[in-house]
Every structure is written in structure tokens, then in C-alpha cells.
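What's in entry_27.tsv: TSV, C-alpha atoms
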```tsv
chain	number	residue	atom	x	y	z
A	1	MET	CA	48.40	89.88	168.15
A	2	ASN	CA	49.18	88.43	171.58
A	3	GLN	CA	52.93	87.79	171.42
A	4	ALA	CA	52.90	85.03	174.06
A	5	HIS	CA	50.21	83.13	172.15
A	6	LEU	CA	52.12	83.67	168.91
A	7	TRP	CA	55.34	82.23	170.34
A	8	TRP	CA	53.51	79.23	171.75
A	9	ALA	CA	51.92	78.65	168.36
A	10	ILE	CA	55.33	78.81	166.62
A	11	ILE	CA	56.92	76.44	169.16
A	12	CYS	CA	54.05	73.96	168.87
A	13	VAL	CA	54.08	73.97	165.06
A	14	ALA	CA	57.88	73.56	165.04
A	15	LEU	CA	57.70	70.57	167.41
A	16	ILE	CA	54.84	69.00	165.46
A	17	SER	CA	56.71	69.45	162.15
A	18	PHE	CA	59.88	67.96	163.65
A	19	THR	CA	57.90	65.01	164.99
A	20	PHE	CA	56.10	64.40	161.71
A	21	LYS	CA	59.37	64.38	159.76
A	22	ALA	CA	61.12	62.24	162.37
A	23	THR	CA	58.37	59.66	162.89
A	24	GLY	CA	58.81	57.70	159.69
A	25	PRO	CA	62.60	57.42	159.72
A	26	ALA	CA	62.97	56.89	163.49
A	27	VAL	CA	59.97	54.80	164.50
A	28	LEU	CA	58.36	53.14	161.53
A	29	GLY	CA	61.46	52.49	159.50
A	30	ASP	CA	60.56	49.95	156.85
A	31	ARG	CA	57.17	49.11	158.43
A	32	GLN	CA	54.07	50.27	156.56
A	33	LEU	CA	51.09	52.11	158.03
A	34	PRO	CA	47.69	50.38	157.90
A	35	ALA	CA	46.10	50.65	154.47
A	36	ALA	CA	43.22	52.81	155.75
A	37	ALA	CA	45.60	55.30	157.37
A	38	ARG	CA	47.70	55.45	154.22
A	39	GLY	CA	44.60	56.12	152.18
A	40	VAL	CA	43.54	59.08	154.31
A	41	ILE	CA	47.05	60.52	154.66
A	42	ALA	CA	47.60	60.24	150.92
A	43	LEU	CA	44.62	62.53	150.35
A	44	LEU	CA	45.36	65.05	153.11
A	45	ALA	CA	47.86	67.09	151.12
A	46	PRO	CA	45.68	67.68	148.01
A	47	VAL	CA	42.59	68.33	150.15
A	48	LEU	CA	44.31	70.88	152.35
A	49	LEU	CA	46.12	72.54	149.48
A	50	ALA	CA	42.78	72.94	147.66
A	51	GLY	CA	41.19	74.29	150.84
A	52	LEU	CA	44.02	76.73	151.45
A	53	LEU	CA	43.82	77.98	147.88
A	54	VAL	CA	40.07	78.58	148.11
A	55	VAL	CA	40.24	80.22	151.53
A	56	ASP	CA	43.11	82.46	150.51
A	57	VAL	CA	41.57	83.54	147.20
A	58	ALA	CA	37.99	83.91	148.43
A	59	GLY	CA	38.78	85.51	151.77
A	60	PRO	CA	36.39	85.75	154.75
A	61	ARG	CA	32.77	85.50	153.56
A	62	TRP	CA	34.03	85.63	149.96
A	63	THR	CA	35.03	89.30	150.33
A	64	GLY	CA	38.57	88.88	149.01
A	65	LEU	CA	37.87	87.89	145.40
A	66	ASP	CA	40.09	89.88	143.07
A	67	GLY	CA	39.90	89.72	139.25
A	68	PRO	CA	43.56	90.43	138.42
A	69	LEU	CA	44.71	87.90	141.01
A	70	LEU	CA	42.46	85.22	139.52
A	71	ILE	CA	43.83	85.96	136.03
A	72	GLY	CA	47.34	85.83	137.45
A	73	LEU	CA	46.66	82.43	138.97
A	74	ALA	CA	45.20	81.19	135.69
A	75	THR	CA	48.40	82.37	134.00
A	76	VAL	CA	50.48	80.44	136.53
A	77	ALA	CA	48.48	77.27	135.80
A	78	VAL	CA	48.72	77.66	132.01
A	79	VAL	CA	52.47	78.39	132.07
A	80	ARG	CA	53.08	75.44	134.37
A	81	LEU	CA	51.01	73.15	132.17
A	82	ALA	CA	53.30	74.21	129.32
A	83	ARG	CA	56.04	72.51	131.39
A	84	ALA	CA	57.71	75.74	132.51
A	85	PRO	CA	59.71	75.66	135.76
A	86	MET	CA	57.86	76.59	138.94
A	87	LEU	CA	59.71	79.88	139.35
A	88	LEU	CA	58.97	80.98	135.78
A	89	ALA	CA	55.28	80.15	136.21
A	90	ILE	CA	55.08	82.24	139.38
A	91	LEU	CA	56.99	85.07	137.71
A	92	ALA	CA	54.59	85.04	134.75
A	93	GLY	CA	51.58	85.15	137.06
A	94	THR	CA	53.12	88.02	139.02
A	95	VAL	CA	53.88	90.06	135.90
A	96	VAL	CA	50.40	89.50	134.43
A	97	THR	CA	48.72	90.46	137.70
A	98	ALA	CA	50.85	93.60	138.02
A	99	LEU	CA	50.25	94.61	134.39
A	100	ILE	CA	46.48	94.20	134.68
A	101	ARG	CA	46.40	96.31	137.83
A	102	LEU	CA	48.59	98.93	136.14
A	103	LEU	CA	46.30	99.11	133.11
A	104	TRP	CA	43.03	98.96	135.04
A	105	GLY	CA	44.24	101.30	137.77
B	1	MET	CA	72.87	57.44	144.98
B	2	ASP	CA	74.95	56.81	148.06
B	3	GLY	CA	77.61	54.34	147.08
B	4	THR	CA	78.85	53.69	150.63
B	5	ASP	CA	75.43	52.59	151.75
B	6	ARG	CA	75.26	49.99	148.99
B	7	ILE	CA	78.61	48.34	149.74
B	8	PRO	CA	78.12	44.65	150.50
B	9	PRO	CA	79.22	43.76	154.06
B	10	GLN	CA	82.21	41.71	152.93
B	11	GLN	CA	83.59	44.69	151.01
B	12	ALA	CA	83.01	47.11	153.85
B	13	GLU	CA	85.11	45.10	156.29
B	14	ASP	CA	88.71	46.06	157.00
B	15	PRO	CA	91.06	44.84	154.25
B	16	THR	CA	93.65	42.21	155.24
B	17	THR	CA	95.91	42.09	152.17
B	18	PRO	CA	97.45	44.83	149.98
B	19	ALA	CA	95.19	43.85	147.08
B	20	GLU	CA	92.12	44.03	149.30
B	21	ALA	CA	93.34	47.35	150.72
B	22	THR	CA	93.65	48.79	147.20
B	23	ALA	CA	90.19	47.54	146.26
B	24	HIS	CA	88.78	48.91	149.52
B	25	ALA	CA	90.34	52.33	148.87
B	26	THR	CA	88.95	52.32	145.32
B	27	VAL	CA	85.46	51.52	146.58
B	28	GLN	CA	85.71	54.20	149.28
B	29	GLY	CA	86.93	56.76	146.74
B	30	ALA	CA	84.09	55.96	144.36
B	31	ALA	CA	81.63	56.19	147.21
B	32	GLY	CA	82.95	59.62	148.19
B	33	ALA	CA	82.71	60.85	144.61
B	34	SER	CA	79.18	59.49	144.37
B	35	ARG	CA	78.20	61.29	147.57
B	36	ARG	CA	79.65	64.54	146.25
B	37	GLN	CA	77.88	64.09	142.93
B	38	GLY	CA	74.58	63.49	144.68
B	39	PHE	CA	75.01	66.50	146.94
B	40	VAL	CA	76.07	68.79	144.08
B	41	ALA	CA	73.13	67.60	141.98
B	42	GLY	CA	70.87	68.39	144.91
B	43	VAL	CA	72.37	71.86	145.28
B	44	LYS	CA	71.79	72.51	141.56
B	45	VAL	CA	68.14	71.47	141.76
B	46	GLY	CA	67.74	73.23	145.08
B	47	THR	CA	69.02	76.54	143.73
B	48	GLY	CA	65.95	76.99	141.53
B	49	LEU	CA	63.68	75.93	144.37
B	50	ALA	CA	65.54	78.28	146.71
B	51	ALA	CA	64.91	81.24	144.40
B	52	ALA	CA	61.16	80.55	144.49
B	53	ALA	CA	61.32	79.98	148.24
B	54	PHE	CA	63.13	83.30	148.70
B	55	VAL	CA	60.39	85.28	146.92
B	56	LEU	CA	57.70	83.41	148.82
B	57	ALA	CA	59.52	83.98	152.10
B	58	VAL	CA	59.64	87.74	151.46
B	59	THR	CA	55.86	87.75	151.16
B	60	PHE	CA	55.56	85.63	154.30
B	61	GLY	CA	57.80	88.01	156.25
B	62	ALA	CA	55.86	91.04	155.05
B	63	PHE	CA	52.51	89.36	155.73
B	64	ALA	CA	53.51	88.27	159.22
B	65	ARG	CA	54.86	91.74	160.03
B	66	SER	CA	51.63	93.33	158.82
B	67	GLU	CA	49.69	90.97	161.11
B	68	GLY	CA	51.59	92.17	164.17
B	69	TRP	CA	54.10	89.33	164.50
B	70	GLY	CA	56.96	91.81	165.05
B	71	VAL	CA	60.48	91.33	163.68
B	72	LEU	CA	61.87	88.27	165.46
B	73	ALA	CA	58.91	85.87	165.45
B	74	PRO	CA	58.57	85.47	161.65
B	75	ILE	CA	62.33	84.85	161.27
B	76	VAL	CA	62.42	82.30	164.10
B	77	CYS	CA	59.30	80.68	162.67
B	78	SER	CA	61.02	80.23	159.29
B	79	LEU	CA	64.13	78.95	161.04
B	80	VAL	CA	62.41	76.27	163.13
B	81	VAL	CA	59.30	75.38	161.09
B	82	PHE	CA	60.76	75.72	157.56
B	83	SER	CA	57.50	74.95	155.81
B	84	GLY	CA	55.86	77.55	153.63
B	85	SER	CA	52.45	75.90	153.54
B	86	ALA	CA	52.33	75.37	157.33
B	87	GLN	CA	53.60	78.88	158.08
B	88	PHE	CA	51.07	80.53	155.78
B	89	ALA	CA	48.34	78.29	157.20
B	90	LEU	CA	49.36	79.39	160.70
B	91	ALA	CA	49.45	83.06	159.73
B	92	THR	CA	46.20	82.88	157.74
B	93	ALA	CA	44.33	81.08	160.52
B	94	LEU	CA	45.61	83.51	163.17
B	95	ALA	CA	44.70	86.47	160.97
B	96	GLY	CA	41.28	84.96	160.33
B	97	GLY	CA	40.48	84.89	164.04
B	98	GLY	CA	40.33	81.12	164.35
B	99	GLY	CA	42.33	81.12	167.60
B	100	VAL	CA	45.72	79.62	168.46
B	101	PRO	CA	44.61	75.94	168.79
B	102	THR	CA	42.83	76.12	165.43
B	103	ALA	CA	45.85	77.75	163.80
B	104	ILE	CA	48.18	75.09	165.20
B	105	ALA	CA	45.81	72.34	164.05
B	106	ALA	CA	45.60	73.81	160.55
B	107	ALA	CA	49.41	74.01	160.27
B	108	ALA	CA	49.76	70.49	161.70
B	109	LEU	CA	47.24	69.08	159.24
B	110	ILE	CA	49.06	70.74	156.36
B	111	ASN	CA	52.32	69.17	157.50
B	112	GLY	CA	50.71	65.77	158.05
B	113	ARG	CA	51.99	64.81	154.60
B	114	PHE	CA	55.51	64.67	156.06
B	115	VAL	CA	54.61	61.45	157.90
B	116	PRO	CA	54.13	59.31	154.77
B	117	MET	CA	56.91	61.21	153.00
B	118	GLY	CA	59.21	60.34	155.91
B	119	VAL	CA	58.10	56.71	155.79
B	120	ALA	CA	58.86	56.60	152.08
B	121	VAL	CA	62.38	57.97	152.48
B	122	ALA	CA	63.17	56.01	155.68
B	123	LYS	CA	64.78	53.07	153.89
B	124	ASP	CA	67.43	55.34	152.35
B	125	LEU	CA	68.42	57.17	155.54
B	126	ARG	CA	71.24	55.87	157.73
B	127	GLY	CA	72.24	55.52	161.38
B	128	GLY	CA	70.35	54.95	164.61
B	129	ARG	CA	66.89	56.28	165.43
B	130	PHE	CA	68.08	59.72	166.52
B	131	ARG	CA	70.28	60.23	163.49
B	132	ARG	CA	67.54	59.03	161.14
B	133	ALA	CA	65.13	61.44	162.83
B	134	LEU	CA	67.57	64.28	162.21
B	135	GLU	CA	68.20	63.23	158.61
B	136	GLY	CA	64.43	63.12	158.12
B	137	GLN	CA	64.31	66.87	158.75
B	138	ALA	CA	65.77	67.33	155.25
B	139	VAL	CA	62.41	66.24	153.81
B	140	VAL	CA	60.66	69.22	152.22
B	141	ASP	CA	58.39	69.06	149.19
B	142	GLY	CA	60.82	70.12	146.45
B	143	SER	CA	63.80	68.16	147.81
B	144	TRP	CA	61.71	65.03	148.33
B	145	VAL	CA	60.53	65.13	144.73
B	146	ALA	CA	64.02	65.95	143.39
B	147	ALA	CA	65.66	63.11	145.34
B	148	HIS	CA	63.15	60.47	144.22
B	149	LEU	CA	64.94	57.94	142.05
B	150	GLY	CA	61.79	56.00	141.20
B	151	GLY	CA	60.53	52.75	142.62
B	152	GLY	CA	60.30	54.25	146.09
B	153	ARG	CA	64.05	54.81	146.42
B	154	PHE	CA	65.71	58.14	147.22
B	155	ASP	CA	69.14	59.71	146.74
B	156	ARG	CA	70.00	60.68	150.31
B	157	TYR	CA	72.73	63.18	149.42
B	158	LYS	CA	70.64	64.80	146.71
B	159	LEU	CA	67.94	65.29	149.34
B	160	PHE	CA	70.47	66.94	151.66
B	161	GLY	CA	71.92	69.13	148.89
B	162	ALA	CA	68.54	70.39	147.70
B	163	THR	CA	67.44	71.28	151.23
B	164	ALA	CA	70.78	72.83	152.20
B	165	VAL	CA	70.26	75.74	149.79
B	166	GLN	CA	66.53	76.18	150.39
B	167	TRP	CA	66.68	76.59	154.15
B	168	PRO	CA	68.97	79.68	154.26
B	169	ALA	CA	67.09	81.18	151.30
B	170	TRP	CA	63.81	80.72	153.18
B	171	VAL	CA	65.13	82.35	156.35
B	172	ALA	CA	66.90	85.18	154.47
B	173	GLY	CA	63.78	85.94	152.43
B	174	THR	CA	61.70	86.09	155.58
B	175	ALA	CA	64.18	88.46	157.19
B	176	LEU	CA	64.13	90.71	154.13
B	177	GLY	CA	60.33	90.73	154.08
B	178	VAL	CA	60.18	91.57	157.77
B	179	VAL	CA	62.83	94.30	157.64
B	180	VAL	CA	61.72	95.97	154.42
B	181	ALA	CA	58.05	95.26	155.23
B	182	PRO	CA	56.77	96.45	151.88
B	183	PRO	CA	53.32	98.03	152.29
B	184	GLU	CA	50.37	95.98	151.13
B	185	SER	CA	49.67	98.45	148.32
B	186	LEU	CA	53.20	97.97	146.93
B	187	VAL	CA	52.90	94.20	147.21
B	188	GLU	CA	49.63	94.35	145.26
B	189	SER	CA	50.97	96.81	142.67
B	190	LEU	CA	53.88	94.47	141.92
B	191	GLY	CA	51.55	91.47	141.82
B	192	LEU	CA	53.47	89.78	144.62
B	193	ASP	CA	50.26	88.83	146.42
B	194	VAL	CA	49.84	86.15	143.74
B	195	VAL	CA	52.99	84.32	144.90
B	196	PHE	CA	51.41	82.70	147.97
B	197	PRO	CA	48.28	81.23	146.30
B	198	ALA	CA	50.37	80.41	143.21
B	199	PHE	CA	52.69	78.34	145.39
B	200	PHE	CA	49.73	76.31	146.68
B	201	LEU	CA	48.27	76.05	143.18
B	202	LEU	CA	51.51	74.60	141.79
B	203	LEU	CA	51.86	72.12	144.65
B	204	LEU	CA	48.21	71.17	144.16
B	205	MET	CA	48.70	70.63	140.43
B	206	ASP	CA	51.58	68.28	141.21
B	207	GLU	CA	49.40	66.42	143.72
B	208	LEU	CA	46.53	66.02	141.28
B	209	ARG	CA	48.62	64.76	138.39
B	210	GLY	CA	47.81	61.16	137.67
B	211	SER	CA	45.59	60.55	140.70
B	212	ARG	CA	41.82	60.40	140.29
B	213	ALA	CA	41.38	59.96	144.04
B	214	ALA	CA	43.37	63.13	144.74
B	215	ARG	CA	41.31	65.07	142.19
B	216	THR	CA	38.03	63.87	143.71
B	217	ALA	CA	39.11	64.60	147.27
B	218	ALA	CA	40.60	68.00	146.37
B	219	ALA	CA	37.38	69.02	144.60
B	220	LEU	CA	35.33	68.00	147.64
B	221	GLY	CA	37.77	69.80	149.96
B	222	ALA	CA	37.60	72.96	147.85
B	223	CYS	CA	33.77	72.90	147.91
B	224	LEU	CA	33.72	72.37	151.68
B	225	ALA	CA	36.20	75.21	152.23
B	226	ALA	CA	34.28	77.50	149.87
B	227	ALA	CA	31.05	76.87	151.76
B	228	LEU	CA	32.49	76.96	155.28
B	229	VAL	CA	34.46	80.19	154.79
B	230	ILE	CA	31.12	82.00	154.43
B	231	TRP	CA	30.20	81.26	158.05
B	232	VAL	CA	33.38	80.38	159.99
B	233	PRO	CA	36.98	81.72	160.22
B	234	ALA	CA	39.56	80.51	157.73
B	235	GLY	CA	41.23	78.08	160.13
B	236	LEU	CA	37.98	76.31	160.93
B	237	ALA	CA	37.06	76.22	157.24
B	238	LEU	CA	40.36	74.47	156.56
B	239	LEU	CA	39.80	71.93	159.31
B	240	GLY	CA	36.31	71.24	157.97
B	241	ALA	CA	37.64	70.84	154.45
B	242	SER	CA	40.14	68.23	155.66
B	243	ALA	CA	37.20	65.86	156.22
B	244	ALA	CA	37.30	65.27	152.47
B	245	ALA	CA	40.45	63.19	153.02
B	246	LEU	CA	38.25	60.55	154.67
B	247	LEU	CA	37.43	59.50	151.13
B	248	GLY	CA	40.72	57.66	151.46
B	249	LEU	CA	38.93	55.11	153.68
B	250	ARG	CA	37.03	53.86	150.66
B	251	LYS	CA	38.67	50.73	149.38
B	252	GLY	CA	39.98	50.96	145.87
B	253	LEU	CA	39.91	54.75	145.65
B	254	VAL	CA	43.53	55.24	146.66
B	255	PRO	CA	46.00	52.72	145.21
B	256	ARG	CA	47.50	51.34	148.44
B	257	ASP	CA	50.86	50.36	147.04
B	258	THR	CA	51.64	53.30	144.78
B	259	LYS	CA	50.30	56.33	146.64
B	260	GLU	CA	51.58	55.53	150.09
B	261	ALA	CA	53.99	58.44	150.08
B	262	GLY	CA	51.23	60.96	149.92
B	263	GLY	CA	52.06	62.51	146.59
B	264	SER	CA	53.72	65.91	146.54
```

If you took the structure in this file and wrote it as C-alpha cells, what would it be?
Amino acid sequence: MNQAHLWWAIICVALISFTFKATGPAVLGDRQLPAAARGVIALLAPVLLAGLLVVDVAGPRWTGLDGPLLIGLATVAVVRLARAPMLLAILAGTVVTALIRLLWG
Amino acid sequence: MDGTDRIPPQQAEDPTTPAEATAHATVQGAAGASRRQGFVAGVKVGTGLAAAAFVLAVTFGAFARSEGWGVLAPIVCSLVVFSGSAQFALATALAGGGGVPTAIAAAALINGRFVPMGVAVAKDLRGGRFRRALEGQAVVDGSWVAAHLGGGRFDRYKLFGATAVQWPAWVAGTALGVVVAPPESLVESLGLDVVFPAFFLLLLMDELRGSRAARTAAALGACLAAALVIWVPAGLALLGASAAALLGLRKGLVPRDTKEAGGS
């Protein structure tokens, strides 16, 4: 990892995040974005979260698929759907994943 | 709710008679108590979120250290970026060989949701442009949701309180992850590698709840990412998947007046 590139990346992401959070309150205020822009922005978060999830679970060229991890994630979803707090859902998924790996070696 | 900010102008002016002074003091006292209540309520909600953030931050610190970030960079990153999804996107894209511009773009796209979230909360922030910009930095996913009063209004002090406990927890967790740097085998044995994707899964579930447009776009984005990751690095796959958000250009798919804050 090139440390200079890494620091530039961190600085850029920090400035971009600051700007994104500041833009609405400082510039737009009560004004609304155009409807088309709002429509696209409204879908960015779910699209990117879905993409991140797939990329992280599948790994490069689908080489990272892991059975216990998938079962752990399913557990997280089921526990959350049962209206459990976020932390409890993650804890349940972690425990299930660890137990499966312990039992399966 | 911030009582001071709701005081009608005539009541906020300087009192001129003893009776008015008493009434003014009463209003000011109630406003102060309301502010404290809002902040304390935010701290209470934020404590649970902070615990989850702490665990997630440990995995981020360990992951970043294992990817050659060193000791200081991950901690500074958590201090100045303070966004789990963006930081993991940055680290994942860099680890995937997508290059620095791609990694920055992936993290920026992930944090693009803060624009509409900031717009939504803008009416309830106070002060001039600079102060409002600073107050807007308190917007993070959990705090934004916790502070939402309904009808597009937000409890400003609850937002501050919820973020005030999450930020130090996020930085401390990162520091612990970097310093302890648990080996990957230990992280896997304890099942801690599920925390990062689980975090995204839970945020995604919240996003998809009650929005057909979000479900359609997320499904398309997931398919695009699944296909692209076969041929290109993770960062590029993420950028390609973001094209699914263009579905939002279709009239009628996204309710313009109810989804303007971008979910979360």
C-alpha cells in the first residue's frame, strides 16, 4: 500500500463527506432538489448497499463465498425481521457463524 | 424538540416588565430542559448504536491494518470520515486493486446519501451557513433515523446526542482493532468477519422497507455487481452497480414527496 496515495484518499473522502453533509444545511436550506435528482439520489443508498453486500460476500471473481458466513447473514436477517435490535441481530449472526465453523472445523 | 427554536419572535424579545421577565425566564427554562431532554434521549439511543459501531470499528481497524494501512491512517480515517460504509468501501476498493480514484469515487457514491439527508434535516438546524454546515456533520445513519420526529421534522438535540456517543466509540474501536490487530484466522474463528456485511445487510433492509422502487433498484444493483465482480475489481463493480440508481429518473417509480430524504 502506497502510504502517500492512502493519505490522499483519506483526505479526499473526508472532504467529500464533509461537503456532502454540509451542502444541504448550508446551501440548499429549505429549497428542494429537482425531482429527477431526488429520484436518483433516493435510490443510490439501497443500490450501493446491495452492491457492497454482493461484492463483499462474493469476493473477486466469486472466490470468497463462504457457507458459514452466508448462514450467519441469514441469521442476522431473520433475527432483525423478528424486530430485534441491530446489535443483537449482529451478535446472533456472529455466534451462529462461529459455532458452525467450530463444529465443521 | 428544541423549545428555544420554536419560540415566537414576540416572546423571544427582551422583556420590559417584571411579569414579562418572569414569563421569559419560564420559557427559557423550559427550553433548556427540553434541549437537555432531547440530548439525553439522543445519548440513550446512541449508546446502543455506539456499541455496534465499536464492534464494527474494531473489524475496520484490523482489516485496514492487514491491508498495510499502518497504525495512524485507519484511526485518522475514522476521526475525519466517520462513516463505516464509506470507509469499508474505500478499504475494499483499495484492496481490490481498483486504484485510488476508483476507491474515492466508491466511498463518495456511498456517502452521496448524506446530501438528501442533509437537505431533509436543514430546516431544523440553526445559525448562519457555516454553523449549519458544522451542525450538519452530526448527520449519520443511526442518529438521523433516531432524531426523525415524523413529517420531515427532526429533533436537533437528539441528533447531536446520538452522534456524540457514536463518534468516540467509532474512533476507539478503530484504535483497538489497529493496535490489537487480531489475525484473520481469529477474526474468522470468532465469526467477526460477519459484522461488516451484516452492517450493510441491516442498513439495506431498512432502506428496502416500504419502498418498491428501492427494492427494484437494489435487486438490479446487486445483479450488476454480481456480474461485474467476475471481470473487474470490486471498486469498479460498485461504480457499475450504481447505474441502477438511474431507475430513479423514471417518473412515478420514486414518490417525489415522501422519499426525498433518501431513506436510511

Show me, as a Markdown table, the residues of range 145-260 of chain B having an atom within 6 Å of range 88-102 of chain A, each with the closest atom pair and its distance in Å, using all atoms listed in the file.
```
| residue | atom | partner | partner_atom | distance |
| --- | --- | --- | --- | --- |
| B:Ser189 | CA | A:Ala98 | CA | 5.7 |
| B:Leu190 | CA | A:Ala98 | CA | 5.0 |
| B:Gly191 | CA | A:Ala98 | CA | 4.4 |
| B:Leu192 | CA | A:Thr94 | CA | 5.9 |
```

Could those residues be written to a file, using C-alpha atoms, as an mmCIF file, in the frame of the given file?
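Generated output (out-v5.cif):
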```
data_model
loop_
_atom_site.group_PDB
_atom_site.id
_atom_site.type_symbol
_atom_site.label_atom_id
_atom_site.label_comp_id
_atom_site.auth_asym_id
_atom_site.auth_seq_id
_atom_site.Cartn_x
_atom_site.Cartn_y
_atom_site.Cartn_z
ATOM 1 C CA SER B 189 50.970 96.810 142.670
ATOM 2 C CA LEU B 190 53.880 94.470 141.920
ATOM 3 C CA GLY B 191 51.550 91.470 141.820
ATOM 4 C CA LEU B 192 53.470 89.780 144.620
#
```

If you count only C-alpha atoms, which residues fall within 7 Å of range 173-176 of chain B, apart from same-chain ones fewer than 5 positions away, as a list in words?
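Once the nearby chain positions are removed, what remains is Phe54, Val55, Ala57, Val58, Phe60, Gly61, Pro74, Ile75 and Ser78 of chain B.
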
May I ask which of the residues B:Thr59, B:Ser85, B:Ser143, B:Thr102 is the closest one to Leu202 in chain B, counting all atoms listed in the file?
B:Ser85

Write out as AutoDock Vina command-line options an axis-aligned box for range 64-83 of chain A: all of its atoms listed in the file, 4 Å added on each side, centre and edge lengths in Å with one decimal.
```
--center_x 47.0 --center_y 81.5 --center_z 139.2 --size_x 26.2 --size_y 25.9 --size_z 27.7
```

What gap, in Å, lies between CA of Ala41 in chain B and CA of Ala138 in chain B?
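Answer for the CA of Ala41 in chain B to CA of Ala138 in chain B separation: 15.2 Å.
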
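Checking B:Pro168, B:Gly128, B:Gly136, B:Gly46 one by one against Leu79 in chain B, counting only C-alpha atoms, you find the shortest gap at B:Pro168.
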